[in-house]
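Trainee: Pasting a structure below so you can have a look.
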Amino acid sequence: MAKGHRSQIKRERNAQKDTRPSAKLSYARVSVQKACFVLDAIRGKDVETALGIVMYNPRYASTLVEKLLKSAIANAENNNGMNRSNLYVAECYANKGPTMKRIRPRAQGRAYRIEKRMSHITIVLDEK
């Protein structure tokens, strides 16, 4: 159990909070593996290069990542007062979300399960 008063515990927790600008997309209808193909391509790049990569990537996940990247850039400019030209993608990752289970009818009265996977995609930016 944590020691100290409730307000002290909250103060310590908020002191450890990450202040880098970020954006998160929850319950994206794309699997983690498919999202990671796009995220691996932009990790560590500056935001202009990352936007160029994502814009011309034919994968479905790239449209989701593009909107998320633009949102993270807007958060950095408006909330943190950062300059767009100094930003780069510090972290980007996809975590597993819930899976929708569906049934596919098959021959001779059988039923196969179809799993429609979801993911939570996060992009964290930082200044050079």
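Ordering of the structure tokens sets the chain letters (A, B, ...), residue numbers begin anew at 1 in every chain, and ligands are numbered from 1 in the order given.
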Taking the backbone alone, and naming residues the way the document does, which bits of chain A are strand (DSSP E or B) by DSSP, as a VMD selection string?
Mentor: chain A and resid 22 to 28 46 87 to 105 111 to 127
Trainee: Excluding segment 114-121 of chain A and residues on its chain fewer than 3 positions from it, collect all residues at most 12 Å away from it, counting only C-alpha atoms, and give them as a compact mmCIF listing (two decimals) with C-alpha atoms, in the first residue's frame.
Mentor:
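Result file follows (part-v5.txt):
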```txt
# COMPACT_ATOMS: atom_id res chain seq x y z
CA SER A 22 0.79 12.74 -28.00
CA ALA A 23 -2.36 11.45 -29.64
CA LYS A 24 -4.13 8.14 -29.10
CA LEU A 25 -6.67 6.30 -31.23
CA SER A 26 -8.61 3.69 -29.29
CA TYR A 27 -10.56 0.79 -30.80
CA ALA A 28 -9.14 1.16 -34.31
CA ARG A 29 -10.54 -1.58 -36.56
CA VAL A 30 -7.14 -2.81 -37.68
CA SER A 31 -4.98 -5.54 -36.20
CA VAL A 32 -1.83 -4.68 -34.26
CA GLN A 33 0.41 -6.41 -36.81
CA LYS A 34 -1.02 -4.44 -39.73
CA ALA A 35 -0.78 -1.15 -37.84
CA CYS A 36 2.82 -1.87 -36.86
CA VAL A 38 3.01 1.60 -40.91
CA LEU A 39 4.27 2.65 -37.46
CA ALA A 61 -3.78 1.60 -41.43
CA SER A 62 -1.86 4.50 -42.98
CA LEU A 64 -5.67 6.12 -39.54
CA VAL A 65 -2.05 6.89 -38.66
CA GLU A 66 -2.10 10.00 -40.87
CA LYS A 67 -5.07 11.50 -39.01
CA LEU A 68 -3.48 10.56 -35.69
CA LEU A 69 -0.15 12.13 -36.64
CA ALA A 72 -0.47 14.92 -32.42
CA GLU A 91 7.44 6.85 -29.95
CA CYS A 92 4.68 5.12 -31.87
CA TYR A 93 3.13 1.81 -30.95
CA ALA A 94 -0.04 -0.23 -31.23
CA ASN A 95 -1.48 -2.18 -28.33
CA LYS A 96 -3.99 -4.99 -28.56
CA GLY A 97 -7.63 -4.03 -28.15
CA PRO A 98 -10.74 -6.18 -27.78
CA THR A 99 -11.56 -8.80 -30.42
CA MET A 100 -15.02 -9.09 -31.98
CA LYS A 101 -16.02 -12.72 -32.47
CA ARG A 102 -18.15 -13.56 -35.49
CA ILE A 103 -19.42 -16.86 -36.87
CA ARG A 104 -18.91 -18.04 -40.46
CA PRO A 105 -21.19 -20.87 -41.63
CA ARG A 106 -19.29 -23.76 -43.20
CA ALA A 111 -19.38 -22.95 -37.92
CA VAL A 124 4.25 10.51 -29.07
```
Trainee: Which one of A:Thr63, A:Gln108, A:Ser85, A:Gln16 sits closest to Leu125 of chain A if you count only C-alpha atoms?
Mentor: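 Ranked by minimum distance to Leu125 of chain A, first place goes to A:Ser85.
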Trainee: Return as a PyMOL selection string the full set of residues in chain A whose backbone-based DSSP assignment is alpha helix (DSSP H).
Mentor: chain A and resi 6-15+32-42+47-55+60-79
Trainee: Which one of A:Lys3, A:Gln8, A:Tyr88, A:Phe37 sits closest to Tyr60 of chain A if you count only C-alpha atoms?
Mentor: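 Residue with the minimum atom-to-atom distance to Tyr60 of chain A: A:Phe37.
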Trainee: My list of candidates is A:Arg6, A:Ile123, A:Ala15, A:Arg43. Which is closest to Asn75 of chain A when distances are computed with only C-alpha atoms?
Mentor: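 Of all the options, A:Ile123 lies closest to Asn75 of chain A.
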